[in-house]
Each structure stands twice: as C-alpha cells, then as structure tokens.
Amino acid sequence: MSGIRIPADLQPWIDARKRFHLSHAQVQMARELGLNPTKFGKLANHKQEPWKMPLPQFIEHIYFRHFGKERPDVVISIEERARQIAAKKAAKRAAKRERQSIRGEQGLQAQLPVQDLKDES
C-alpha cells in the first residue's frame, strides 16, 4: 500500500484473507461476528474433517444465522477501514492542535494587558 500504515489489530485480518481466500465481505462478516482470525486454521479444516463446511461458507452460514441477512449492508475492505481510521486520527490531531493554539493565543492575550499595566505603574 502506498503510504497507509495498517494498524496492528487489522493486519491479522489481511493475512487471514489472503491465506484462506476470503472476500472483503466474508472478512467483514467474521469481524462483526467477533471471530478470531488467528483461529481460522482450526475452522478451515474441511479436507481432513469432511463434516466441516469450507471456511467461507461457514462464515456466511453463521452470519445469516446470527444477523438474519446474507451480507453486511455496506462492505468495507480492511485497507479502506485503515484509511478511515487514519483520516479520523488526523482530523482529531488537527482539532486538538487548533484548540491548543486558540488556548495559547487566549492565554497570551490575557497576560499581555496585565503586563502592560504593571509596566505603566
């Protein structure tokens, strides 16, 4: 990715998506269900254990059972989610800097007249 740093809590989801050939929607479904991406190896063992569903179908089945719908309303990829988090963080930093600069200016304005009065006396 060009310039976007992926947060450490989202990186296992990218790795799981590549390793288990999941779509963005399936990754989002698994995240909404609260599944752990590091434990997917136990769930994706349908070749050795034929009674298990393949992992993508298992995630879709559990999602439908829990939420009563086939897919999430809005599907956002992990990379897009990382961009959203970075943009929100940048906006918070800018707002904080703005608040601090306003407080600093107000503090200077409040101090200047007091100093001027002391100098004139």
# chains A, B, ... in the order shown; residues from 1 in each chain; ligands from 1
>>> closest_atom_pairs(of="range 12-44 of chain A", to="range 78-84 of chain A", cutoff="8 Å", atoms="only C-alpha atoms", output="CSV")
residue,atom,partner,partner_atom,distance
A:Trp13,CA,A:Ile78,CA,7.5
A:Ile14,CA,A:Ile78,CA,6.9
A:His24,CA,A:Ile78,CA,7.5
>>> write_last_selection(atoms="N, CA and C atoms", output="mmCIF file, in the first residue's frame")
data_model
loop_
_atom_site.group_PDB
_atom_site.id
_atom_site.type_symbol
_atom_site.label_atom_id
_atom_site.label_comp_id
_atom_site.auth_asym_id
_atom_site.auth_seq_id
_atom_site.Cartn_x
_atom_site.Cartn_y
_atom_site.Cartn_z
ATOM 1 N N TRP A 13 -6.222 -9.770 9.968
ATOM 2 C CA TRP A 13 -7.363 -9.955 9.070
ATOM 3 C C TRP A 13 -6.913 -9.972 7.618
ATOM 4 N N ILE A 14 -5.937 -9.142 7.275
ATOM 5 C CA ILE A 14 -5.404 -9.141 5.898
ATOM 6 C C ILE A 14 -4.707 -10.458 5.615
ATOM 7 N N HIS A 24 -13.739 -9.608 0.804
ATOM 8 C CA HIS A 24 -13.849 -8.491 1.752
ATOM 9 C C HIS A 24 -15.123 -8.625 2.587
#
>>> residues_around(residues="Pro37 in chain A", least_positions_apart="2", cutoff="8 Å", atoms="only C-alpha atoms", output="list in words")
Pro12, Trp13, Ala16, Leu35, Lys39 and Phe40 of chain A
>>> atom_distance(atom1="CA of Glu32 in chain A", atom2="CA of Tyr63 in chain A")
8.4 Å
>>> residues_around(residues="range 58-62 of chain A", least_positions_apart="2", cutoff="8 Å", atoms="only C-alpha atoms", output="number ranges by chain")
A: 26, 29-30, 53-56, 64-66, 70-71
>>> residues_around(residues="range 86-100 of chain A", least_positions_apart="5", cutoff="12 Å", atoms="only C-alpha atoms", output="list of chain:residue names")
A:Gly3, A:Ile4, A:Arg5, A:Ile6, A:Pro7, A:Glu79, A:Glu80, A:Arg81, A:Glu105, A:Gln106, A:Gly107
>>> select_by_dssp(residues="chain A", states="helix (DSSP H, G or I)", output="PyMOL selection string")
chain A and resi 11-19+24-33+37-43+55-67+78-120
>>> atom_distance(atom1="CA of Phe20 in chain A", atom2="CA of Gly41 in chain A")
8.5 Å
>>> decode(residues="range 60-100 of chain A", atoms="N, CA and C atoms", output="mmCIF file, in the first residue's frame")
data_model
loop_
_atom_site.group_PDB
_atom_site.id
_atom_site.type_symbol
_atom_site.label_atom_id
_atom_site.label_comp_id
_atom_site.auth_asym_id
_atom_site.auth_seq_id
_atom_site.Cartn_x
_atom_site.Cartn_y
_atom_site.Cartn_z
ATOM 1 N N GLU A 60 -20.418 -17.342 6.196
ATOM 2 C CA GLU A 60 -21.699 -16.853 5.669
ATOM 3 C C GLU A 60 -22.882 -17.496 6.391
ATOM 4 N N HIS A 61 -22.778 -18.786 6.693
ATOM 5 C CA HIS A 61 -23.853 -19.506 7.384
ATOM 6 C C HIS A 61 -24.058 -18.933 8.793
ATOM 7 N N ILE A 62 -22.983 -18.766 9.536
ATOM 8 C CA ILE A 62 -23.070 -18.241 10.901
ATOM 9 C C ILE A 62 -23.589 -16.804 10.878
ATOM 10 N N TYR A 63 -23.145 -16.010 9.898
ATOM 11 C CA TYR A 63 -23.597 -14.615 9.796
ATOM 12 C C TYR A 63 -25.107 -14.566 9.552
ATOM 13 N N PHE A 64 -25.583 -15.411 8.649
ATOM 14 C CA PHE A 64 -27.020 -15.434 8.358
ATOM 15 C C PHE A 64 -27.812 -15.860 9.593
ATOM 16 N N ARG A 65 -27.313 -16.851 10.294
ATOM 17 C CA ARG A 65 -27.996 -17.344 11.488
ATOM 18 C C ARG A 65 -28.042 -16.273 12.583
ATOM 19 N N HIS A 66 -26.967 -15.499 12.708
ATOM 20 C CA HIS A 66 -26.881 -14.501 13.779
ATOM 21 C C HIS A 66 -27.622 -13.214 13.432
ATOM 22 N N PHE A 67 -27.437 -12.713 12.206
ATOM 23 C CA PHE A 67 -27.992 -11.417 11.832
ATOM 24 C C PHE A 67 -29.245 -11.504 10.965
ATOM 25 N N GLY A 68 -29.522 -12.663 10.379
ATOM 26 C CA GLY A 68 -30.714 -12.822 9.566
ATOM 27 C C GLY A 68 -30.614 -12.183 8.190
ATOM 28 N N LYS A 69 -29.420 -11.923 7.720
ATOM 29 C CA LYS A 69 -29.245 -11.387 6.363
ATOM 30 C C LYS A 69 -28.010 -12.027 5.743
ATOM 31 N N GLU A 70 -27.984 -12.011 4.413
ATOM 32 C CA GLU A 70 -26.926 -12.701 3.669
ATOM 33 C C GLU A 70 -25.571 -12.006 3.750
ATOM 34 N N ARG A 71 -25.592 -10.685 3.679
ATOM 35 C CA ARG A 71 -24.349 -9.897 3.639
ATOM 36 C C ARG A 71 -24.508 -8.638 4.485
ATOM 37 N N PRO A 72 -23.398 -8.010 4.856
ATOM 38 C CA PRO A 72 -23.493 -6.708 5.522
ATOM 39 C C PRO A 72 -24.080 -5.673 4.566
ATOM 40 N N ASP A 73 -24.704 -4.647 5.114
ATOM 41 C CA ASP A 73 -25.305 -3.607 4.273
ATOM 42 C C ASP A 73 -24.245 -2.881 3.458
ATOM 43 N N VAL A 74 -23.161 -2.506 4.099
ATOM 44 C CA VAL A 74 -22.061 -1.812 3.428
ATOM 45 C C VAL A 74 -20.787 -2.604 3.674
ATOM 46 N N VAL A 75 -20.140 -3.022 2.597
ATOM 47 C CA VAL A 75 -18.906 -3.797 2.715
ATOM 48 C C VAL A 75 -17.722 -2.850 2.560
ATOM 49 N N ILE A 76 -16.850 -2.855 3.567
ATOM 50 C CA ILE A 76 -15.658 -2.011 3.560
ATOM 51 C C ILE A 76 -14.444 -2.920 3.711
ATOM 52 N N SER A 77 -13.472 -2.786 2.825
ATOM 53 C CA SER A 77 -12.272 -3.610 2.909
ATOM 54 C C SER A 77 -11.432 -3.171 4.107
ATOM 55 N N ILE A 78 -10.524 -4.025 4.503
ATOM 56 C CA ILE A 78 -9.647 -3.718 5.643
ATOM 57 C C ILE A 78 -8.771 -2.504 5.320
ATOM 58 N N GLU A 79 -8.295 -2.430 4.084
ATOM 59 C CA GLU A 79 -7.456 -1.286 3.703
ATOM 60 C C GLU A 79 -8.256 0.017 3.755
ATOM 61 N N GLU A 80 -9.503 -0.032 3.301
ATOM 62 C CA GLU A 80 -10.355 1.157 3.360
ATOM 63 C C GLU A 80 -10.634 1.543 4.810
ATOM 64 N N ARG A 81 -10.842 0.544 5.647
ATOM 65 C CA ARG A 81 -11.061 0.797 7.080
ATOM 66 C C ARG A 81 -9.819 1.452 7.689
ATOM 67 N N ALA A 82 -8.643 0.998 7.276
ATOM 68 C CA ALA A 82 -7.394 1.600 7.771
ATOM 69 C C ALA A 82 -7.303 3.061 7.324
ATOM 70 N N ARG A 83 -7.716 3.347 6.086
ATOM 71 C CA ARG A 83 -7.723 4.744 5.601
ATOM 72 C C ARG A 83 -8.684 5.593 6.427
ATOM 73 N N GLN A 84 -9.863 5.047 6.728
ATOM 74 C CA GLN A 84 -10.837 5.779 7.532
ATOM 75 C C GLN A 84 -10.289 6.069 8.927
ATOM 76 N N ILE A 85 -9.649 5.087 9.524
ATOM 77 C CA ILE A 85 -9.069 5.270 10.859
ATOM 78 C C ILE A 85 -7.986 6.333 10.821
ATOM 79 N N ALA A 86 -7.132 6.284 9.784
ATOM 80 C CA ALA A 86 -6.056 7.275 9.663
ATOM 81 C C ALA A 86 -6.621 8.679 9.452
ATOM 82 N N ALA A 87 -7.667 8.806 8.644
ATOM 83 C CA ALA A 87 -8.273 10.119 8.403
ATOM 84 C C ALA A 87 -8.914 10.660 9.677
ATOM 85 N N LYS A 88 -9.590 9.800 10.416
ATOM 86 C CA LYS A 88 -10.218 10.227 11.672
ATOM 87 C C LYS A 88 -9.151 10.668 12.678
ATOM 88 N N LYS A 89 -8.057 9.911 12.728
ATOM 89 C CA LYS A 89 -6.967 10.246 13.647
ATOM 90 C C LYS A 89 -6.340 11.587 13.269
ATOM 91 N N ALA A 90 -6.147 11.820 11.973
ATOM 92 C CA ALA A 90 -5.583 13.086 11.512
ATOM 93 C C ALA A 90 -6.518 14.251 11.833
ATOM 94 N N ALA A 91 -7.806 14.044 11.661
ATOM 95 C CA ALA A 91 -8.779 15.097 11.977
ATOM 96 C C ALA A 91 -8.772 15.416 13.469
ATOM 97 N N LYS A 92 -8.669 14.372 14.300
ATOM 98 C CA LYS A 92 -8.611 14.598 15.750
ATOM 99 C C LYS A 92 -7.350 15.375 16.128
ATOM 100 N N ARG A 93 -6.229 15.025 15.511
ATOM 101 C CA ARG A 93 -4.976 15.729 15.798
ATOM 102 C C ARG A 93 -5.064 17.193 15.388
ATOM 103 N N ALA A 94 -5.645 17.441 14.207
ATOM 104 C CA ALA A 94 -5.784 18.820 13.731
ATOM 105 C C ALA A 94 -6.692 19.622 14.655
ATOM 106 N N ALA A 95 -7.780 19.020 15.098
ATOM 107 C CA ALA A 95 -8.696 19.717 16.006
ATOM 108 C C ALA A 95 -8.015 20.004 17.336
ATOM 109 N N LYS A 96 -7.208 19.067 17.805
ATOM 110 C CA LYS A 96 -6.506 19.270 19.072
ATOM 111 C C LYS A 96 -5.477 20.394 18.939
ATOM 112 N N ARG A 97 -4.738 20.400 17.825
ATOM 113 C CA ARG A 97 -3.776 21.485 17.597
ATOM 114 C C ARG A 97 -4.473 22.834 17.529
ATOM 115 N N GLU A 98 -5.633 22.858 16.878
ATOM 116 C CA GLU A 98 -6.406 24.099 16.770
ATOM 117 C C GLU A 98 -6.848 24.573 18.152
ATOM 118 N N ARG A 99 -7.352 23.651 18.965
ATOM 119 C CA ARG A 99 -7.766 24.021 20.329
ATOM 120 C C ARG A 99 -6.587 24.535 21.145
ATOM 121 N N GLN A 100 -5.445 23.872 21.012
ATOM 122 C CA GLN A 100 -4.271 24.287 21.770
ATOM 123 C C GLN A 100 -3.768 25.652 21.316
#
